[in-house]
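Data file: entry.txt. Format and content: compact mmCIF, C-alpha atoms.
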# COMPACT_ATOMS: atom_id res chain seq x y z
CA MET H 3 290.03 -12.24 104.94
CA GLU H 4 287.41 -11.99 102.22
CA SER H 5 288.06 -9.21 99.72
CA VAL H 6 285.33 -6.62 99.23
CA SER H 7 284.43 -5.50 95.73
CA ARG H 8 283.46 -1.89 95.20
CA PHE H 9 280.90 -0.86 92.63
CA SER H 10 279.80 2.49 91.29
CA ALA H 11 276.76 4.24 92.69
CA ARG H 12 275.39 4.50 89.16
CA THR H 13 274.85 0.71 89.11
CA SER H 14 273.31 0.42 92.57
CA TRP H 15 270.07 -1.02 91.25
CA ASN H 16 267.99 -3.58 93.05
CA VAL H 17 268.90 -6.69 91.07
CA GLY H 18 266.67 -9.00 93.08
CA GLU H 19 263.76 -10.79 91.44
CA SER H 20 260.37 -9.11 91.78
CA SER H 21 257.32 -11.16 92.70
CA TYR H 22 255.97 -10.58 89.18
CA ALA H 23 259.21 -11.81 87.58
CA ALA H 24 259.17 -14.83 89.89
CA ALA H 25 255.60 -15.59 88.84
CA VAL H 26 256.56 -15.47 85.14
CA ARG H 27 259.62 -17.66 85.68
CA GLU H 28 257.66 -20.22 87.68
CA ALA H 29 254.94 -20.33 85.04
CA GLN H 30 257.49 -20.86 82.26
CA VAL H 31 259.14 -23.84 83.98
CA SER H 32 255.89 -25.37 85.22
CA GLY H 33 255.00 -27.04 81.94
CA ARG H 34 251.65 -25.24 81.85
CA ARG H 35 250.38 -23.66 78.64
CA ILE H 36 251.41 -20.00 78.77
CA TYR H 37 249.82 -17.22 76.74
CA ASP H 38 252.43 -14.48 76.44
CA LEU H 39 250.75 -11.25 75.38
CA THR H 40 253.97 -9.24 75.63
CA ILE H 41 255.80 -10.67 72.60
CA SER H 42 257.03 -7.69 70.59
CA ASN H 43 260.12 -9.09 68.86
CA PRO H 44 258.97 -9.09 65.22
CA THR H 45 261.39 -11.87 64.29
CA ARG H 46 259.51 -14.20 66.70
CA CYS H 47 255.98 -13.27 65.66
CA GLY H 48 255.56 -15.35 62.50
CA PHE H 49 256.10 -12.63 59.92
CA SER H 50 257.55 -13.46 56.50
CA TYR H 51 261.23 -12.60 56.22
CA ASP H 52 262.98 -13.34 52.92
CA ALA H 53 266.21 -14.79 54.31
CA GLU H 54 268.09 -14.77 51.02
CA GLU H 55 267.14 -11.20 50.17
CA LEU H 56 267.95 -9.89 53.67
CA LEU H 57 271.25 -11.73 54.13
CA GLN H 58 272.67 -11.24 50.65
CA PRO H 59 273.73 -7.58 51.24
CA LEU H 60 275.90 -8.76 54.14
CA THR H 61 278.23 -10.45 51.63
CA ASN H 62 279.41 -7.12 50.18
CA ALA H 63 283.18 -7.48 49.67
CA LYS H 64 283.68 -3.80 50.56
CA ALA H 65 283.18 -4.83 54.19
CA LEU H 66 286.62 -6.45 54.09
CA VAL H 67 288.24 -3.02 54.00
CA TYR H 68 288.31 -0.96 57.21
CA GLU H 69 287.38 2.62 56.33
CA PRO H 70 285.97 4.11 59.53
CA ASP H 71 283.80 7.21 59.35
CA PRO H 72 282.69 8.52 62.76
CA ARG H 73 279.32 9.63 61.37
CA GLY H 74 278.82 6.35 59.50
CA VAL H 75 279.41 5.07 55.97
CA LEU H 76 278.14 7.64 53.49
CA SER H 77 275.97 5.19 51.53
CA ALA H 78 274.15 4.21 54.75
CA ARG H 79 273.58 7.84 55.72
CA GLU H 80 272.31 8.60 52.22
CA ALA H 81 269.84 5.71 52.61
CA VAL H 82 268.57 7.23 55.85
CA ALA H 83 268.33 10.64 54.17
CA ALA H 84 266.21 9.02 51.43
CA TYR H 85 263.96 7.51 54.11
CA TYR H 86 263.27 11.01 55.44
CA ALA H 87 262.83 12.40 51.93
CA ASP H 88 260.00 9.89 51.47
CA LYS H 89 258.36 11.56 54.49
CA GLY H 90 258.76 15.05 53.08
CA ALA H 91 261.76 15.98 55.23
CA GLU H 92 265.09 17.27 53.97
CA VAL H 93 267.82 15.73 56.14
CA PRO H 94 271.28 15.94 54.52
CA ALA H 95 273.49 12.88 54.97
CA GLY H 96 276.02 15.17 56.69
CA ASP H 97 273.51 15.87 59.48
CA LEU H 98 273.21 12.18 60.38
CA VAL H 99 275.24 10.14 62.85
CA LEU H 100 274.85 6.36 62.84
CA THR H 101 274.81 4.33 66.05
CA THR H 102 274.25 0.69 66.93
CA SER H 103 270.92 1.34 68.68
CA THR H 104 268.67 4.10 69.91
CA SER H 105 269.99 3.26 73.38
CA GLU H 106 273.46 4.23 72.19
CA SER H 107 271.99 7.33 70.55
CA TYR H 108 270.54 8.42 73.89
CA SER H 109 273.86 7.78 75.61
CA PHE H 110 275.72 9.87 73.01
CA LEU H 111 273.22 12.72 73.46
CA PHE H 112 273.30 12.60 77.26
CA ARG H 113 277.09 12.91 77.07
CA LEU H 114 276.83 15.71 74.53
CA LEU H 115 274.29 17.76 76.46
CA CYS H 116 274.70 16.98 80.16
CA ASP H 117 277.26 17.22 82.91
CA PRO H 118 276.88 14.82 85.87
CA GLY H 119 273.74 15.72 87.79
CA ASP H 120 272.09 17.63 84.95
CA GLU H 121 268.47 16.84 84.19
CA VAL H 122 266.43 15.60 81.23
CA LEU H 123 262.63 15.68 81.16
CA VAL H 124 260.81 12.55 80.01
CA ALA H 125 257.13 11.68 79.70
CA GLN H 126 255.37 9.35 82.09
CA PRO H 127 254.09 6.77 81.15
CA SER H 128 257.11 5.82 79.09
CA TYR H 129 259.53 2.97 78.51
CA PRO H 130 261.64 2.20 81.62
CA LEU H 131 264.89 1.89 79.66
CA PHE H 132 265.43 5.63 80.11
CA ASP H 133 266.02 5.19 83.84
CA PHE H 134 268.97 2.85 83.30
CA LEU H 135 270.48 4.93 80.49
CA ALA H 136 270.30 8.06 82.62
CA ASP H 137 271.89 6.29 85.60
CA LEU H 138 274.77 5.04 83.46
CA ASP H 139 275.49 8.54 82.19
CA ASP H 140 275.05 10.26 85.58
CA VAL H 141 271.97 12.15 84.36
CA ARG H 142 268.84 12.77 86.40
CA LEU H 143 265.42 12.19 84.85
CA ARG H 144 262.47 14.36 85.81
CA PRO H 145 259.04 13.16 84.65
CA TYR H 146 256.32 15.20 83.01
CA PRO H 147 252.86 13.63 82.75
CA LEU H 148 250.81 12.31 79.91
CA PHE H 149 247.20 12.34 81.04
CA TYR H 150 244.31 10.33 79.65
CA ASP H 151 240.90 11.75 78.83
CA HIS H 152 239.40 9.85 75.86
CA GLY H 153 242.94 9.98 74.46
CA TRP H 154 246.42 10.89 75.68
CA CYS H 155 247.78 14.43 75.95
CA ILE H 156 250.98 16.04 77.18
CA ASP H 157 250.51 18.15 80.29
CA LEU H 158 252.51 21.08 78.95
CA ALA H 159 251.99 23.21 82.05
CA GLU H 160 253.49 20.52 84.26
CA LEU H 161 256.30 20.00 81.77
CA GLU H 162 257.28 23.67 82.00
CA ASN H 163 256.97 23.57 85.80
CA ALA H 164 259.47 20.69 85.84
CA ILE H 165 262.21 22.79 84.24
CA THR H 166 265.02 23.79 86.60
CA PRO H 167 268.36 25.54 86.08
CA ARG H 168 269.90 22.09 85.53
CA THR H 169 267.48 20.98 82.81
CA ARG H 170 269.22 20.38 79.50
CA ALA H 171 266.74 18.54 77.27
CA VAL H 172 263.20 17.28 76.80
CA ILE H 173 262.56 13.76 75.47
CA VAL H 174 259.45 13.17 73.37
CA VAL H 175 258.58 9.70 72.09
CA HIS H 176 256.52 10.17 68.92
CA PRO H 177 254.40 8.06 68.98
CA ASN H 178 254.77 7.25 72.65
CA ASN H 179 255.48 3.73 73.85
CA PRO H 180 253.34 2.17 75.29
CA THR H 181 250.42 4.63 75.05
CA GLY H 182 250.51 5.08 71.25
CA HIS H 183 250.07 8.86 71.63
CA TRP H 184 251.00 11.02 68.66
CA THR H 185 252.47 14.39 69.59
CA SER H 186 249.91 16.66 67.99
CA ALA H 187 250.82 19.59 65.76
CA GLY H 188 249.74 21.97 68.52
CA GLU H 189 251.79 20.14 71.14
CA ARG H 190 254.81 20.16 68.83
CA GLU H 191 254.58 23.90 68.26
CA LEU H 192 254.40 24.59 72.00
CA LEU H 193 257.21 22.14 72.79
CA GLU H 194 259.53 23.70 70.24
CA ALA H 195 258.77 27.20 71.47
CA LEU H 196 259.33 26.12 75.08
CA CYS H 197 262.68 24.51 74.27
CA ALA H 198 263.82 27.56 72.28
CA ARG H 199 262.75 29.89 75.06
CA HIS H 200 264.60 27.94 77.77
CA GLY H 201 267.63 26.99 75.67
CA LEU H 202 266.83 23.26 75.84
CA ALA H 203 267.46 20.53 73.30
CA LEU H 204 264.51 18.50 72.03
CA ILE H 205 265.17 14.75 71.67
CA VAL H 206 262.48 13.00 69.61
CA ASP H 207 262.33 9.20 69.49
CA GLU H 208 260.44 8.14 66.36
CA VAL H 209 261.08 4.40 66.24
CA PHE H 210 257.35 3.63 65.83
CA LEU H 211 256.68 6.46 63.35
CA ASP H 212 255.85 4.05 60.50
CA TYR H 213 253.06 2.28 62.41
CA PRO H 214 249.90 4.43 62.60
CA LEU H 215 246.96 2.30 63.74
CA ARG H 216 244.71 4.60 61.73
CA GLU H 217 245.37 7.39 59.26
CA SER H 218 246.27 10.60 61.05
CA ALA H 219 247.65 14.01 60.17
CA GLU H 220 249.79 13.72 63.31
CA ALA H 221 251.85 10.90 61.75
CA ARG H 222 254.46 13.44 60.70
CA SER H 223 258.15 13.29 61.51
CA PHE H 224 259.72 16.01 63.63
CA ALA H 225 262.37 16.08 60.89
CA CYS H 226 259.84 17.98 58.76
CA GLY H 227 259.40 21.73 58.93
CA GLU H 228 261.29 24.41 60.82
CA HIS H 229 263.30 23.79 63.99
CA PRO H 230 263.58 26.79 66.29
CA ALA H 231 265.37 24.70 68.94
CA LEU H 232 268.26 22.26 68.68
CA THR H 233 266.49 19.01 67.81
CA PHE H 234 267.65 15.41 67.58
CA VAL H 235 265.42 12.85 65.83
CA LEU H 236 266.17 9.20 66.61
CA SER H 237 265.14 5.99 64.87
CA GLY H 238 266.61 2.73 63.63
CA LEU H 239 266.24 -0.60 61.88
CA SER H 240 264.77 -2.39 64.89
CA LYS H 241 261.28 -1.04 64.14
CA VAL H 242 261.62 0.62 60.73
CA VAL H 243 262.67 -2.65 59.06
CA GLY H 244 261.67 -5.10 61.81
CA LEU H 245 265.29 -6.18 62.26
CA PRO H 246 266.29 -5.58 65.90
CA GLN H 247 269.20 -8.02 65.62
CA MET H 248 270.99 -5.99 62.95
CA LYS H 249 271.84 -3.22 65.42
CA ALA H 250 271.68 -0.01 63.42
CA ALA H 251 270.15 3.33 64.36
CA TRP H 252 270.73 7.02 63.75
CA ILE H 253 270.58 10.55 65.08
CA ALA H 254 269.35 13.32 62.78
CA THR H 255 270.57 16.72 64.02
CA LEU H 256 268.38 19.72 63.23
CA GLY H 257 267.98 23.29 64.38
CA PRO H 258 269.51 26.76 63.99
CA GLU H 259 272.65 26.44 61.87
CA ARG H 260 275.22 27.65 64.38
CA VAL H 261 274.19 25.43 67.26
CA LYS H 262 273.47 22.50 64.93
CA SER H 263 276.99 22.73 63.47
CA GLU H 264 278.58 22.79 66.92
CA ALA H 265 276.47 19.85 68.07
CA LEU H 266 277.47 17.79 65.03
CA GLY H 267 281.14 18.55 65.55
CA ARG H 268 280.98 17.38 69.14
CA LEU H 269 278.84 14.35 68.29
CA GLU H 270 281.39 13.32 65.68
CA ILE H 271 284.09 13.18 68.35
CA VAL H 272 281.84 11.14 70.66
CA ALA H 273 281.11 8.70 67.84
CA ASP H 274 284.77 8.60 66.78
CA THR H 275 285.74 7.62 70.32
CA PHE H 276 283.67 4.43 70.05
CA LEU H 277 283.41 3.65 66.30
CA SER H 278 280.80 1.07 67.24
CA MET H 279 279.09 0.57 63.88
CA ASN H 280 280.24 -2.46 61.86
CA ALA H 281 280.81 -2.27 58.12
CA PRO H 282 278.61 -5.17 56.86
CA VAL H 283 275.44 -3.79 58.45
CA GLN H 284 276.15 -0.24 57.29
CA LEU H 285 276.69 -1.44 53.72
CA ALA H 286 273.43 -3.41 53.85
CA MET H 287 271.31 -0.51 55.12
CA ARG H 288 270.48 0.87 51.68
CA SER H 289 268.96 -2.44 50.59
CA TRP H 290 267.11 -3.05 53.85
CA LEU H 291 265.60 0.43 54.04
CA ALA H 292 264.54 0.28 50.39
CA GLY H 293 262.65 -2.97 51.08
CA ARG H 294 261.05 -1.89 54.37
CA ARG H 295 257.46 -1.63 53.16
CA SER H 296 256.90 -5.37 52.90
CA ILE H 297 257.54 -6.16 56.56
CA GLN H 298 255.95 -2.90 57.67
CA GLY H 299 252.78 -3.90 55.86
CA GLU H 300 252.65 -7.26 57.64
CA ILE H 301 253.24 -5.71 61.05
CA LEU H 302 250.69 -2.95 60.44
CA ASP H 303 248.04 -5.43 59.32
CA ARG H 304 248.60 -7.53 62.43
CA ALA H 305 248.36 -4.53 64.76
CA ARG H 306 245.37 -2.94 63.03
CA GLU H 307 243.37 -6.18 62.81
CA ASN H 308 243.87 -6.98 66.49
CA VAL H 309 240.77 -8.32 68.24
CA LEU H 310 240.99 -6.11 71.32
CA LEU H 311 238.24 -3.66 70.44
CA ARG H 312 235.81 -6.44 69.48
CA ILE H 313 236.45 -8.31 72.72
CA ALA H 314 236.09 -5.11 74.77
CA LYS H 315 232.75 -4.38 73.11
CA ASP H 316 231.52 -7.85 74.06
CA ALA H 317 232.82 -7.56 77.63
CA PRO H 318 231.62 -4.20 78.99
CA GLY H 319 232.83 -3.59 82.51
CA GLN H 320 235.58 -6.21 82.21
CA LEU H 321 237.99 -4.75 79.68
CA GLN H 322 238.85 -1.15 78.85
CA VAL H 323 241.05 -0.48 75.81
CA LEU H 324 242.64 2.94 76.10
CA VAL H 325 242.92 4.87 72.84
CA ALA H 326 246.15 4.12 70.98
CA GLU H 327 246.92 5.98 67.78
CA ALA H 328 250.11 4.22 66.70
CA GLY H 329 252.73 1.64 67.60
CA TRP H 330 252.70 -2.01 68.61
CA SER H 331 251.28 -1.79 72.14
CA ALA H 332 248.00 -1.18 73.92
CA VAL H 333 247.18 -0.09 77.45
CA LEU H 334 244.30 -2.00 79.00
CA GLY H 335 242.19 -1.31 82.05
CA LEU H 336 240.88 -4.25 84.07
CA PRO H 337 238.09 -2.72 86.19
CA GLY H 338 237.34 -5.97 88.02
CA CYS H 339 240.87 -6.41 89.31
CA VAL H 340 240.76 -5.78 93.05
CA GLY H 341 242.84 -6.92 95.99
CA GLU H 342 246.43 -6.68 97.09
CA ILE H 343 247.99 -8.89 94.41
CA ASP H 344 249.09 -7.01 91.28
CA CYS H 345 246.76 -7.68 88.32
CA SER H 346 249.57 -8.87 86.05
CA GLU H 347 251.00 -11.22 88.68
CA ARG H 348 247.55 -12.66 89.36
CA LEU H 349 247.00 -13.32 85.65
CA VAL H 350 250.26 -15.23 85.38
CA ARG H 351 249.62 -17.34 88.45
CA GLU H 352 245.91 -18.01 87.94
CA ARG H 353 245.43 -17.99 84.16
CA GLY H 354 248.87 -18.50 82.64
CA VAL H 355 248.58 -15.14 80.87
CA VAL H 356 251.61 -12.85 80.68
CA VAL H 357 251.03 -9.09 80.44
CA HIS H 358 253.22 -6.19 81.52
CA PRO H 359 252.26 -4.34 84.71
CA GLY H 360 251.32 -0.73 84.05
CA GLY H 361 253.71 0.24 86.84
CA PHE H 362 256.54 -1.06 84.64
CA TYR H 363 255.94 2.07 82.51
CA GLY H 364 255.30 4.44 85.41
CA MET H 365 251.51 4.21 85.47
CA ALA H 366 250.06 4.90 88.89
CA GLU H 367 246.69 3.27 88.12
CA ALA H 368 246.78 -0.22 89.68
CA ARG H 369 244.38 -1.81 87.21
CA ARG H 370 246.27 -0.98 84.02
CA VAL H 371 248.37 -3.45 82.07
CA VAL H 372 250.19 -3.34 78.73
CA VAL H 373 250.08 -5.88 75.90
CA SER H 374 251.73 -6.20 72.50
CA LEU H 375 249.54 -6.03 69.40
CA ILE H 376 251.82 -8.05 67.13
CA GLY H 377 252.05 -11.46 68.80
CA PRO H 378 250.46 -14.57 67.24
CA PRO H 379 246.74 -13.69 66.81
CA GLY H 380 245.31 -17.02 68.00
CA ASP H 381 247.24 -17.04 71.25
CA PHE H 382 246.43 -13.37 71.76
CA GLU H 383 242.66 -13.84 71.55
CA VAL H 384 242.68 -16.86 73.87
CA GLY H 385 244.95 -15.02 76.30
CA ILE H 386 242.71 -11.93 76.43
CA GLN H 387 239.60 -14.08 76.96
CA ARG H 388 241.35 -15.91 79.79
CA ALA H 389 242.41 -12.59 81.30
CA ILE H 390 238.95 -11.06 81.41
CA SER H 391 237.45 -14.27 82.77
CA GLU H 392 239.64 -13.76 85.85
CA PHE H 393 238.05 -10.40 86.58
CA PRO H 394 234.23 -10.30 86.49
CA ALA H 395 232.46 -7.04 85.78
CA GLU H 396 232.12 -4.65 88.69
File written out as structure tokens:
Amino acid sequence: MESVSRFSARTSWNVGESSYAAAVREAQVSGRRIYDLTISNPTRCGFSYDAEELLQPLTNAKALVYEPDPRGVLSAREAVAAYYADKGAEVPAGDLVLTTSTSESYSFLFRLLCDPGDEVLVAQPSYPLFDFLADLDDVRLRPYPLFYDHGWCIDLAELENAITPRTRAVIVVHPNNPTGHWTSAGERELLEALCARHGLALIVDEVFLDYPLRESAEARSFACGEHPALTFVLSGLSKVVGLPQMKAAWIATLGPERVKSEALGRLEIVADTFLSMNAPVQLAMRSWLAGRRSIQGEILDRARENVLLRIAKDAPGQLQVLVAEAGWSAVLGLPGCVGEIDCSERLVRERGVVVHPGGFYGMAEARRVVVSLIGPPGDFEVGIQRAISEFPAE
């Protein structure tokens, strides 16, 4: 008799291959020339990394001694505090908790704030990782919309309508991924007041904060200013220093002193239960954060000098570039894409061009796709030209 394995309901995902994923896989093994416009791993984009300078801090002999601190090594937390000081924010090292990734940060916060079945509000469009993290921590996500009208805005009325007795937190990605929307000063003020009024925590993901595509007064960390509601600001080395493989992130805890103190005490126990941060990376963080501007400059130049707007101007009716204020991604509209086959799947099969379906991020509009702005420029331009040639103007 064959034994039957039992799995948790929280992992009952559809693990089958989608038709889009099948199209990408088939294109990759076909031997055809592929133009991948989704490359967003900075270490694979041709930027200049000084190997000796980046790897030397990992040889610190102090890493041979095990001295666990649940909030993270003090020197690393002080380096993060200095990063915020450069942005005009006072974040004491004692208010920081280090994690191995923003994914782990979210998991810690879901466990801190939510019982099984409690709810967290998250913007749509947004990165699909949240769905899996929420499932794994037995948390329910409820979407609130970003709408587009010559720029992206939070639908604050719909956000407040989404609050139920089981809502525990609101997630804001600042700037949003993939839309590149900055949370404006007015939106921030209303969000903070709403969270304070309803007793909700505000979780702000700022991993792309250092990448404004143009100068903007909205490029301001939520760590700055007053915090009427319990607020957690998340970021990490993956984007700040362009080193996703080094696995280091943080949670800055802000808000009214009493509730902030209780949150930090509980977070410390959560972190102490796992002690996931390794010593060599923590000891290297001061050096890496101090040298961040070099790689940030390269990435910013690549994103800002992207050819999308020029191509869109030359191809009216074929390519729409939605306004993006910051980050590494752009949302595109392909007005000429009609028919039953998804636009992104058709591009892979017919033109060898890989883009992300807008539906991957929760976009209902069938003709929207998402591309990365930091891939190799030559391949990007050829790929975009091949994409628009597939869809003639309406």
With distances taken over all atoms listed in the file, which of H:Gly227, H:Gly238, H:Gly33, H:Gly182 is nearest to H:Leu100? H:Gly238
Please list as a ChimeraX atom specification every residue within 12 Å of H:Val333, counting all atoms listed in the file and excluding residues in the same chain fewer than 3 positions away. /H:39-40,127-128,150,153-154,178-183,310-311,321-330,336,357-363,365,367,369-375
Could you give me, as a tab-separated table, a per-residue list for stretch 81-130 of chain H showing, wherever an atom lies at most 8 Å from an atom of stretch 268-280 of chain H, the closest pair of atoms and their distance in Å to one decimal, using only C-alpha atoms and sorting by chain then residue number from low to high?
residue	atom	partner	partner_atom	distance
H:Val99	CA	H:Glu270	CA	7.5
H:Leu100	CA	H:Met279	CA	7.3
H:Thr101	CA	H:Met279	CA	6.1
H:Thr102	CA	H:Met279	CA	5.7
H:Phe110	CA	H:Val272	CA	6.7
H:Leu111	CA	H:Leu269	CA	7.8
H:Leu114	CA	H:Leu269	CA	6.7
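Taking all atoms listed in the file into account, H:Thr61 lies nearest to H:Ala281 out of the set H:Arg199, H:Leu334, H:Ala366, H:Ala281.
Each of H:Arg168, H:Arg222, H:His176, H:Lys315 was checked against H:Gly90 using all atoms listed in the file; the smallest atom-to-atom distance is that of H:Arg222.
Using all atoms listed in the file for every distance, the candidate list H:Gly364, H:Ser77, H:Ile343, H:Ala251 yields H:Gly364 as the residue closest to H:Leu131.
Going from atom CA of H:Thr233 to atom CA of H:Pro167 covers 19.5 Å.
Counting from atom CA of H:Leu236, the distance to atom CA of H:Thr104 is 6.6 Å.
The gap separating atom CA of H:Phe224 from atom CA of H:Leu158 is 17.7 Å, in Å to one decimal.
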Just so I have it separately, write stretch 281-350 of chain H from the block I sent, keeping C-alpha atoms, as an mmCIF file, in the first residue's frame.
data_model
loop_
_atom_site.group_PDB
_atom_site.id
_atom_site.type_symbol
_atom_site.label_atom_id
_atom_site.label_comp_id
_atom_site.auth_asym_id
_atom_site.auth_seq_id
_atom_site.Cartn_x
_atom_site.Cartn_y
_atom_site.Cartn_z
ATOM 1 C CA ALA H 281 28.930 37.392 11.933
ATOM 2 C CA PRO H 282 31.129 38.015 8.834
ATOM 3 C CA VAL H 283 28.389 39.891 6.969
ATOM 4 C CA GLN H 284 27.392 41.914 10.023
ATOM 5 C CA LEU H 285 31.002 42.949 10.613
ATOM 6 C CA ALA H 286 31.345 43.979 6.956
ATOM 7 C CA MET H 287 28.207 46.128 6.892
ATOM 8 C CA ARG H 288 29.919 49.310 8.067
ATOM 9 C CA SER H 289 32.374 49.199 5.159
ATOM 10 C CA TRP H 290 29.762 48.250 2.565
ATOM 11 C CA LEU H 291 27.263 50.915 3.601
ATOM 12 C CA ALA H 292 29.982 53.576 3.698
ATOM 13 C CA GLY H 293 30.919 52.736 0.088
ATOM 14 C CA ARG H 294 27.374 52.480 -1.273
ATOM 15 C CA ARG H 295 27.387 55.620 -3.408
ATOM 16 C CA SER H 296 29.644 54.199 -6.108
ATOM 17 C CA ILE H 297 27.377 51.323 -7.105
ATOM 18 C CA GLN H 298 24.260 53.412 -6.505
ATOM 19 C CA GLY H 299 25.580 55.958 -8.973
ATOM 20 C CA GLU H 300 26.107 53.317 -11.656
ATOM 21 C CA ILE H 301 22.662 51.825 -11.153
ATOM 22 C CA LEU H 302 20.978 55.242 -11.117
ATOM 23 C CA ASP H 303 22.726 56.306 -14.313
ATOM 24 C CA ARG H 304 21.630 53.111 -16.057
ATOM 25 C CA ALA H 305 18.012 53.504 -14.955
ATOM 26 C CA ARG H 306 17.798 57.235 -15.683
ATOM 27 C CA GLU H 307 19.413 56.985 -19.123
ATOM 28 C CA ASN H 308 17.106 54.184 -20.236
ATOM 29 C CA VAL H 309 15.839 54.520 -23.808
ATOM 30 C CA LEU H 310 12.186 53.782 -23.070
ATOM 31 C CA LEU H 311 10.853 57.325 -23.309
ATOM 32 C CA ARG H 312 12.702 58.002 -26.572
ATOM 33 C CA ILE H 313 11.381 54.807 -28.145
ATOM 34 C CA ALA H 314 7.840 55.538 -26.935
ATOM 35 C CA LYS H 315 7.995 59.010 -28.478
ATOM 36 C CA ASP H 316 8.998 57.483 -31.808
ATOM 37 C CA ALA H 317 6.309 54.788 -31.627
ATOM 38 C CA PRO H 318 3.027 56.532 -30.746
ATOM 39 C CA GLY H 319 0.180 54.095 -30.410
ATOM 40 C CA GLN H 320 2.531 51.128 -29.970
ATOM 41 C CA LEU H 321 4.188 51.744 -26.618
ATOM 42 C CA GLN H 322 2.933 53.507 -23.506
ATOM 43 C CA VAL H 323 5.404 54.127 -20.676
ATOM 44 C CA LEU H 324 3.533 54.707 -17.432
ATOM 45 C CA VAL H 325 5.030 57.346 -15.156
ATOM 46 C CA ALA H 326 7.622 55.910 -12.779
ATOM 47 C CA GLU H 327 9.216 58.164 -10.187
ATOM 48 C CA ALA H 328 11.781 55.799 -8.687
ATOM 49 C CA GLY H 329 13.137 52.266 -8.631
ATOM 50 C CA TRP H 330 14.467 49.840 -11.215
ATOM 51 C CA SER H 331 11.256 48.893 -13.054
ATOM 52 C CA ALA H 332 8.799 50.331 -15.540
ATOM 53 C CA VAL H 333 5.221 49.439 -16.383
ATOM 54 C CA LEU H 334 4.490 49.449 -20.098
ATOM 55 C CA GLY H 335 1.240 49.469 -22.014
ATOM 56 C CA LEU H 336 1.077 47.661 -25.362
ATOM 57 C CA PRO H 337 -2.081 49.069 -26.992
ATOM 58 C CA GLY H 338 -1.786 46.855 -30.068
ATOM 59 C CA CYS H 339 -1.776 43.610 -28.113
ATOM 60 C CA VAL H 340 -5.104 41.915 -28.782
ATOM 61 C CA GLY H 341 -6.290 38.326 -28.759
ATOM 62 C CA GLU H 342 -6.522 35.509 -26.277
ATOM 63 C CA ILE H 343 -2.793 34.865 -25.815
ATOM 64 C CA ASP H 344 -1.193 36.877 -23.010
ATOM 65 C CA CYS H 345 1.014 39.700 -24.345
ATOM 66 C CA SER H 346 4.092 38.541 -22.441
ATOM 67 C CA GLU H 347 3.707 34.929 -23.576
ATOM 68 C CA ARG H 348 3.268 36.038 -27.177
ATOM 69 C CA LEU H 349 6.440 38.138 -27.008
ATOM 70 C CA VAL H 350 8.463 35.190 -25.758
#
